[in-house]
Amino acid sequence: MQNNSVDIIGGGLAGCEAALYLASRGVRVRLYEAKPKWRSAAHKSDGLAEIVCSNSLKSTVQTTAGGTLKNELDALGSRLLEIARQNSVPAGSALAVDRDGFSHAVTQAVREQKNITVVNEIVQSIDASSLTLVCAGPVCHDGLARSLMALTGEESLHFYDAAAPIITAECVDMSRAFFGARYGKGDDDYLNCPMTKDEYLAFYDALIGAERVIDEAVDVFEGCMPVEVMAARGVDALRYGPLRPVGFRDAGKPYAVLQLRRENTRASLYNLVGFQTNLKFGEQKRVFSLIPALKNIEIVRYGVMHRNTFINAPMCLNSDLRLKAYGNTFVAGQLCGVEGYVESIATGLLAAINAERMLRGENTVVPPEQTVLGALCKYITAPNVNFQPMNANFGILPPLDGVKKAERKQAYYDRSAAAIAEWAQNTGVGG
Ligand SMILES: Cc1cc2nc3c(=O)[nH]c(=O)nc-3n(C[C@H](O)[C@H](O)[C@H](O)COP(=O)(O)OP(=O)(O)OC[C@H]3O[C@@H](n4cnc5c(N)ncnc54)[C@H](O)[C@@H]3O)c2cc1C
């Protein structure tokens, strides 16, 4: 690569993390940010790295996937995580930030970097011939989305995220669930959670009374119907829809049956079929745990319904975050198919690490799959016909053989910490 510069489209979480990394390594960066000329429905301020919704960057506890990912980002020298801590507000074991203070501090850090030029323009097309990081986020400008679609193919860009919750296989009470597909179509692809009439009615009442997310960005959603909206049409609507109790030969006579579908080849994660939802996260846990097999539900990715532009990463992205067909174009942040603030920061950092390696004529790299970041890159780019964005969780990591359940979370953390430290040293990244 002849010139020592990189273009970044989008001054959000991924874009700012990437810009600060590259600039600190002597790379010249042009950081394109559409604000203040144009703002999405989700963005309210003109600052860089705007936190659009909750101010929580989730848990800092080692034995959570969020805490483990944060430790990985520390090992790689993440600037945004450092600035988040400097602007934190008390939130128990979570890292929550003063959103204005955080955005202001990131904007200042970017402005102070002489290697970064901020260009306040709406980028309408991607130049695939020059080294570019596309970090325009889940509510990016339509012109850019069209350009991305031209590079990746029409079927490779999704505009809405209507996702059902994803849960761990481990949390399912198998004494109240059974394997099998309706009418024998498929083997053990589905796990079925039957309900009696009383159990169904208790679940139904809780569902229609539960609190929903009210969000401006949700208004643009026109796709499939949330489970709570379908339920409100009548007490039996779900029993003729996703909970129909038919097609099972040896299951007795259940009144309603929820199906869980495998989310990954290892069958460590399942999604609740037909349960795309707009309920508040706490309400999802409360209401869905009324289904007897899910009384100990452990949700790794909550159901959401909002405008969410993301590429079909399994089809068009390599795990180093470069487009398969255009090796100079990286896609990072929520747009690449991860979900969450910290996940967006992490993929921004990885794209920057790889862009800088390309400038030096070195191969691109991906952290080992024992790390949450490496596992996320692997997950989003593995074949998956029902691809939905994924956030940090232990269910995507390779299993730990022979470790007792009570010790598993700490073991995931320890394994990740060792793997990322070695990787950071080998690749020359981090402090
Ligand atoms: C409504 C909503 C609520 C969310 N709530 C949460 C939450 O509570 N917790 C959580 O962890 N995650 C949440 N997310 C998901 C995600 O973590 C955030 O959206 C996160 O900010 C994504 O980071 P990013 O860097 O990919 O994109 P952003 O932070 O959105 O940054 C993208 C930037 O690109 C700019 N841009 C867009 N198009 C162009 C263009 N054509 N030219 C130049 N600049 C452009 C935008 O103005 C923006 O500044 C939410 C997402 C949405 C849409």
# chains A, B, ... in the order shown; residues from 1 in each chain; ligands from 1
>>> select_by_dssp(residues="stretch 52-109 of chain A", states="strand (DSSP E or B)", output="VMD selection string")
chain A and resid 56 to 59 88 to 89 94 to 97
>>> write_last_selection(atoms="N, CA and C atoms", output="mmCIF file, in the first residue's frame")
data_model
loop_
_atom_site.group_PDB
_atom_site.id
_atom_site.type_symbol
_atom_site.label_atom_id
_atom_site.label_comp_id
_atom_site.auth_asym_id
_atom_site.auth_seq_id
_atom_site.Cartn_x
_atom_site.Cartn_y
_atom_site.Cartn_z
ATOM 1 N N SER A 56 -25.309 2.288 29.562
ATOM 2 C CA SER A 56 -24.529 1.210 30.159
ATOM 3 C C SER A 56 -23.701 0.460 29.118
ATOM 4 N N LEU A 57 -22.415 0.307 29.447
ATOM 5 C CA LEU A 57 -21.545 -0.522 28.606
ATOM 6 C C LEU A 57 -21.441 -1.929 29.213
ATOM 7 N N LYS A 58 -22.432 -2.265 29.967
ATOM 8 C CA LYS A 58 -22.626 -3.589 30.571
ATOM 9 C C LYS A 58 -21.559 -3.937 31.621
ATOM 10 N N SER A 59 -21.551 -5.195 31.993
ATOM 11 C CA SER A 59 -20.843 -5.627 33.196
ATOM 12 C C SER A 59 -19.320 -5.495 33.109
ATOM 13 N N SER A 88 -17.192 7.589 33.880
ATOM 14 C CA SER A 88 -18.203 6.657 34.387
ATOM 15 C C SER A 88 -19.060 7.297 35.472
ATOM 16 N N VAL A 89 -20.251 6.757 35.617
ATOM 17 C CA VAL A 89 -21.141 7.154 36.709
ATOM 18 C C VAL A 89 -21.445 5.883 37.502
ATOM 19 N N ALA A 94 -21.796 -2.548 36.719
ATOM 20 C CA ALA A 94 -21.768 -2.215 35.286
ATOM 21 C C ALA A 94 -20.909 -0.979 35.056
ATOM 22 N N LEU A 95 -20.418 -0.846 33.835
ATOM 23 C CA LEU A 95 -19.716 0.370 33.446
ATOM 24 C C LEU A 95 -20.716 1.269 32.728
ATOM 25 N N ALA A 96 -21.213 2.264 33.446
ATOM 26 C CA ALA A 96 -22.154 3.213 32.830
ATOM 27 C C ALA A 96 -21.439 4.545 32.700
ATOM 28 N N VAL A 97 -21.776 5.290 31.646
ATOM 29 C CA VAL A 97 -21.049 6.543 31.407
ATOM 30 C C VAL A 97 -21.992 7.744 31.399
#
>>> closest_atom_pairs(of="stretch 310-382 of chain A", to="stretch 67-75 of chain A", cutoff="10 Å", atoms="only C-alpha atoms", output="tab-separated table")
residue	atom	partner	partner_atom	distance
A:Val342	CA	A:Lys70	CA	7.6
A:Glu343	CA	A:Leu69	CA	8.1
A:Ile345	CA	A:Leu73	CA	8.7
A:Ala346	CA	A:Leu73	CA	6.7
A:Leu349	CA	A:Leu73	CA	8.5
A:Leu350	CA	A:Leu73	CA	9.9
A:Pro367	CA	A:Glu72	CA	9.8
A:Thr371	CA	A:Glu72	CA	7.5
A:Val372	CA	A:Leu69	CA	5.7
A:Leu373	CA	A:Leu69	CA	6.7
A:Gly374	CA	A:Leu69	CA	10.0
>>> residues_around(residues="A:Asn312", least_positions_apart="6", cutoff="8 Å", atoms="only C-alpha atoms", output="PDB file with C-alpha atoms, in the first residue's frame")
ATOM      1  CA  GLU A 155     -29.375  -9.868  -0.468  1.00  0.00           C
ATOM      2  CA  SER A 156     -26.399  -8.996   1.717  1.00  0.00           C
ATOM      3  CA  LEU A 157     -27.788  -5.974   3.515  1.00  0.00           C
ATOM      4  CA  HIS A 158     -30.510  -6.134   6.157  1.00  0.00           C
ATOM      5  CA  CYS A 336     -20.681  -5.790  10.478  1.00  0.00           C
ATOM      6  CA  GLY A 337     -23.214  -7.856  12.409  1.00  0.00           C
ATOM      7  CA  PHE A 387     -28.034 -14.708  10.428  1.00  0.00           C
TER       8      PHE A 387
END
>>> closest_residue(among="A:Tyr160, A:Tyr379, A:Phe248, A:Tyr183", to="ligand 1", atoms="only C-alpha atoms and all ligand atoms")
A:Tyr160
>>> residues_around(residues="A:Glu154", least_positions_apart="6", cutoff="10 Å", atoms="only C-alpha atoms", output="PyMOL selection string")
chain A and resi 146+148+311-312
>>> write_last_selection(atoms="N, CA and C atoms", output="mmCIF file, in the first residue's frame")
data_model
loop_
_atom_site.group_PDB
_atom_site.id
_atom_site.type_symbol
_atom_site.label_atom_id
_atom_site.label_comp_id
_atom_site.auth_asym_id
_atom_site.auth_seq_id
_atom_site.Cartn_x
_atom_site.Cartn_y
_atom_site.Cartn_z
ATOM 1 N N ARG A 146 -26.854 2.163 0.201
ATOM 2 C CA ARG A 146 -26.972 1.742 -1.213
ATOM 3 C C ARG A 146 -25.610 1.399 -1.790
ATOM 4 N N LEU A 148 -23.032 0.338 -0.105
ATOM 5 C CA LEU A 148 -22.597 -0.923 0.504
ATOM 6 C C LEU A 148 -23.305 -2.104 -0.158
ATOM 7 N N ILE A 311 -24.725 -5.950 7.490
ATOM 8 C CA ILE A 311 -24.437 -6.785 6.325
ATOM 9 C C ILE A 311 -24.654 -8.253 6.681
ATOM 10 N N ASN A 312 -24.913 -9.036 5.666
ATOM 11 C CA ASN A 312 -25.006 -10.482 5.875
ATOM 12 C C ASN A 312 -23.577 -11.015 5.929
#
>>> residues_around(residues="A:Asn3", least_positions_apart="2", cutoff="10 Å", atoms="only C-alpha atoms", output="PyMOL selection string")
chain A and resi 1+5-6+27-28+130-131+359
>>> write_last_selection(atoms="N, CA and C atoms", output="CSV table (one decimal), in the first residue's frame")
chain,number,residue,atom,x,y,z
A,1,MET,N,0.9,-1.2,0.0
A,1,MET,CA,0.0,0.0,0.0
A,1,MET,C,0.9,1.2,0.0
A,5,SER,N,-2.3,6.3,4.6
A,5,SER,CA,-3.6,6.9,5.1
A,5,SER,C,-4.8,6.0,5.0
A,6,VAL,N,-5.7,6.2,5.8
A,6,VAL,CA,-6.9,5.4,5.9
A,6,VAL,C,-8.2,6.3,6.0
A,27,VAL,N,-0.5,6.7,11.5
A,27,VAL,CA,-1.3,6.6,10.2
A,27,VAL,C,-2.1,7.9,10.1
A,28,ARG,N,-2.2,8.5,8.9
A,28,ARG,CA,-3.1,9.6,8.7
A,28,ARG,C,-4.5,9.1,8.5
A,130,SER,N,-9.5,2.4,-2.2
A,130,SER,CA,-8.6,2.9,-1.2
A,130,SER,C,-8.9,2.3,0.1
A,131,LEU,N,-8.0,2.2,1.0
A,131,LEU,CA,-8.2,1.6,2.3
A,131,LEU,C,-9.2,2.3,3.1
A,359,LEU,N,-1.0,-1.6,5.7
A,359,LEU,CA,-0.1,-0.5,5.3
A,359,LEU,C,1.4,-0.9,5.5
>>> select_by_dssp(residues="stretch 7-195 of chain A", states="helix (DSSP H, G or I)", output="PyMOL selection string")
chain A and resi 13-24+65-75+79-86+99-112+142-152+154-156+169-171+174-176+182-184
>>> write_last_selection(atoms="C-alpha atoms", output="PDB file, in the first residue's frame")
ATOM      1  CA  LEU A  13     -17.972   4.103  18.643  1.00  0.00           C
ATOM      2  CA  ALA A  14     -16.218   1.855  16.117  1.00  0.00           C
ATOM      3  CA  GLY A  15     -14.977   4.709  13.931  1.00  0.00           C
ATOM      4  CA  CYS A  16     -13.474   6.765  16.781  1.00  0.00           C
ATOM      5  CA  GLU A  17     -11.771   3.745  18.356  1.00  0.00           C
ATOM      6  CA  ALA A  18     -10.282   2.875  14.965  1.00  0.00           C
ATOM      7  CA  ALA A  19      -9.205   6.471  14.247  1.00  0.00           C
ATOM      8  CA  LEU A  20      -7.449   6.871  17.604  1.00  0.00           C
ATOM      9  CA  TYR A  21      -5.619   3.554  17.205  1.00  0.00           C
ATOM     10  CA  LEU A  22      -4.409   4.335  13.686  1.00  0.00           C
ATOM     11  CA  ALA A  23      -3.410   7.901  14.535  1.00  0.00           C
ATOM     12  CA  SER A  24      -1.408   6.704  17.545  1.00  0.00           C
ATOM     13  CA  ALA A  65     -18.764 -12.251  28.759  1.00  0.00           C
ATOM     14  CA  GLY A  66     -19.003  -8.438  28.874  1.00  0.00           C
ATOM     15  CA  GLY A  67     -16.293  -8.277  31.555  1.00  0.00           C
ATOM     16  CA  THR A  68     -14.148 -10.727  29.627  1.00  0.00           C
ATOM     17  CA  LEU A  69     -14.413  -8.670  26.436  1.00  0.00           C
ATOM     18  CA  LYS A  70     -13.467  -5.525  28.370  1.00  0.00           C
ATOM     19  CA  ASN A  71     -10.352  -7.269  29.656  1.00  0.00           C
ATOM     20  CA  GLU A  72      -9.454  -8.161  26.069  1.00  0.00           C
ATOM     21  CA  LEU A  73      -9.919  -4.552  24.989  1.00  0.00           C
ATOM     22  CA  ASP A  74      -7.673  -3.409  27.839  1.00  0.00           C
ATOM     23  CA  ALA A  75      -5.007  -5.848  26.687  1.00  0.00           C
ATOM     24  CA  ARG A  79      -8.801   4.195  24.048  1.00  0.00           C
ATOM     25  CA  LEU A  80     -12.592   4.380  24.167  1.00  0.00           C
ATOM     26  CA  LEU A  81     -12.790   1.976  27.085  1.00  0.00           C
ATOM     27  CA  GLU A  82     -10.249   4.088  28.939  1.00  0.00           C
ATOM     28  CA  ILE A  83     -12.276   7.256  28.219  1.00  0.00           C
ATOM     29  CA  ALA A  84     -15.481   5.459  29.273  1.00  0.00           C
ATOM     30  CA  ARG A  85     -13.950   4.688  32.674  1.00  0.00           C
ATOM     31  CA  GLN A  86     -12.822   8.303  33.030  1.00  0.00           C
ATOM     32  CA  ARG A  99     -22.992  10.145  27.771  1.00  0.00           C
ATOM     33  CA  ASP A 100     -22.245  13.834  27.145  1.00  0.00           C
ATOM     34  CA  GLY A 101     -18.991  13.702  29.077  1.00  0.00           C
ATOM     35  CA  PHE A 102     -17.943  10.568  27.205  1.00  0.00           C
ATOM     36  CA  SER A 103     -18.809  11.962  23.778  1.00  0.00           C
ATOM     37  CA  HIS A 104     -17.110  15.270  24.601  1.00  0.00           C
ATOM     38  CA  ALA A 105     -13.926  13.528  25.781  1.00  0.00           C
ATOM     39  CA  VAL A 106     -13.747  11.296  22.691  1.00  0.00           C
ATOM     40  CA  THR A 107     -14.371  14.298  20.412  1.00  0.00           C
ATOM     41  CA  GLN A 108     -11.562  16.158  22.166  1.00  0.00           C
ATOM     42  CA  ALA A 109      -9.159  13.201  21.939  1.00  0.00           C
ATOM     43  CA  VAL A 110      -9.862  12.917  18.211  1.00  0.00           C
ATOM     44  CA  ARG A 111      -9.484  16.675  17.621  1.00  0.00           C
ATOM     45  CA  GLU A 112      -6.171  16.723  19.514  1.00  0.00           C
ATOM     46  CA  ASP A 142     -29.361   5.605   2.974  1.00  0.00           C
ATOM     47  CA  GLY A 143     -26.898   6.723   0.297  1.00  0.00           C
ATOM     48  CA  LEU A 144     -24.097   4.859   2.009  1.00  0.00           C
ATOM     49  CA  ALA A 145     -26.307   1.806   2.544  1.00  0.00           C
ATOM     50  CA  ARG A 146     -26.972   1.742  -1.213  1.00  0.00           C
ATOM     51  CA  SER A 147     -23.257   1.914  -1.938  1.00  0.00           C
ATOM     52  CA  LEU A 148     -22.597  -0.923   0.504  1.00  0.00           C
ATOM     53  CA  MET A 149     -25.337  -2.918  -1.153  1.00  0.00           C
ATOM     54  CA  ALA A 150     -23.678  -2.369  -4.526  1.00  0.00           C
ATOM     55  CA  LEU A 151     -20.449  -3.843  -3.123  1.00  0.00           C
ATOM     56  CA  THR A 152     -21.987  -6.742  -1.217  1.00  0.00           C
ATOM     57  CA  GLU A 154     -28.684  -6.826  -2.608  1.00  0.00           C
ATOM     58  CA  GLU A 155     -29.375  -9.868  -0.468  1.00  0.00           C
ATOM     59  CA  SER A 156     -26.399  -8.996   1.717  1.00  0.00           C
ATOM     60  CA  ALA A 169     -29.000 -24.595  25.946  1.00  0.00           C
ATOM     61  CA  GLU A 170     -27.833 -25.139  29.491  1.00  0.00           C
ATOM     62  CA  CYS A 171     -30.680 -23.180  31.064  1.00  0.00           C
ATOM     63  CA  MET A 174     -35.012 -30.896  30.047  1.00  0.00           C
ATOM     64  CA  SER A 175     -37.545 -32.531  32.364  1.00  0.00           C
ATOM     65  CA  ARG A 176     -40.077 -30.120  30.795  1.00  0.00           C
ATOM     66  CA  ARG A 182     -43.211 -30.796  13.995  1.00  0.00           C
ATOM     67  CA  TYR A 183     -44.546 -33.625  11.777  1.00  0.00           C
ATOM     68  CA  GLY A 184     -41.109 -35.282  11.964  1.00  0.00           C
TER      69      GLY A 184
END
>>> atom_distance(atom1="atom 25 (O, counted along the ligand's line) of ligand 1", atom2="atom CA of A:Lys44")
14.9 Å
>>> atom_distance(atom1="atom 31 (O, counted along the ligand's line) of ligand 1", atom2="atom CA of A:Ile126")
16.2 Å
>>> residues_around(residues="stretch 266-274 of chain A", least_positions_apart="2", cutoff="6 Å", atoms="only C-alpha atoms", output="PyMOL selection string")
chain A and resi 164-169+242+259-264+276+395
>>> write_last_selection(atoms="C-alpha atoms", output="CSV table (one decimal), in the first residue's frame")
chain,number,residue,atom,x,y,z
A,164,ALA,CA,-36.2,-13.3,19.0
A,165,PRO,CA,-34.3,-13.8,22.2
A,166,ILE,CA,-31.4,-16.2,22.1
A,167,ILE,CA,-30.8,-18.4,25.2
A,168,THR,CA,-28.3,-20.9,26.4
A,169,ALA,CA,-29.0,-24.6,25.9
A,242,PRO,CA,-45.8,-19.9,17.0
A,259,GLN,CA,-40.1,-24.4,19.8
A,260,LEU,CA,-36.5,-23.5,20.3
A,261,ARG,CA,-34.3,-23.6,17.2
A,262,ARG,CA,-30.5,-24.2,17.3
A,263,GLU,CA,-28.6,-21.1,16.8
A,264,ASN,CA,-25.1,-22.6,16.3
A,276,GLN,CA,-39.4,-11.5,17.9
A,395,GLY,CA,-22.1,-19.6,24.3
>>> residues_around(residues="A:Asp46", least_positions_apart="2", cutoff="10 Å", atoms="only C-alpha atoms", output="short mmCIF file (atom, residue, chain, number, x, y, z; two decimals) with C-alpha atoms, in the first residue's frame")
data_model
loop_
_atom_site.label_atom_id
_atom_site.label_comp_id
_atom_site.auth_asym_id
_atom_site.auth_seq_id
_atom_site.Cartn_x
_atom_site.Cartn_y
_atom_site.Cartn_z
CA GLU A 33 -18.89 12.10 10.06
CA ALA A 34 -22.29 13.11 8.67
CA LYS A 35 -23.32 15.12 11.71
CA PRO A 36 -24.24 17.97 11.97
CA LYS A 37 -25.31 18.02 8.30
CA TRP A 38 -27.45 14.93 8.78
CA ARG A 39 -28.57 13.01 11.86
CA HIS A 43 -28.74 10.35 17.14
CA LYS A 44 -29.50 13.56 19.04
CA LEU A 48 -18.53 12.04 18.07
CA ALA A 49 -19.04 8.63 19.75
CA GLU A 50 -22.62 9.37 20.73
CA SER A 103 -18.81 11.96 23.78
CA HIS A 104 -17.11 15.27 24.60
CA THR A 107 -14.37 14.30 20.41
#
>>> closest_residue(among="A:Asn386, A:Ser78, A:Asn87, A:Ser54", to="A:Val429", atoms="only C-alpha atoms")
A:Ser78
>>> atom_distance(atom1="atom CA of A:Ala251", atom2="atom CA of A:Phe203")
20.2 Å
>>> closest_residue(among="A:Leu238, A:Ala375, A:Ala162, A:Leu397", to="A:Thr309", atoms="only C-alpha atoms")
A:Ala162
>>> closest_residue(among="A:Ala419, A:Met305, A:Ala91, A:Val61", to="ligand 1", atoms="only C-alpha atoms and all ligand atoms")
A:Met305
>>> closest_residue(among="A:Gly428, A:Pro383, A:Gly137, A:Gly209", to="ligand 1", atoms="only C-alpha atoms and all ligand atoms")
A:Gly137
>>> closest_residue(among="A:Asn120, A:Asn354, A:Asn115, A:Gln284", to="ligand 1", atoms="only C-alpha atoms and all ligand atoms")
A:Asn120
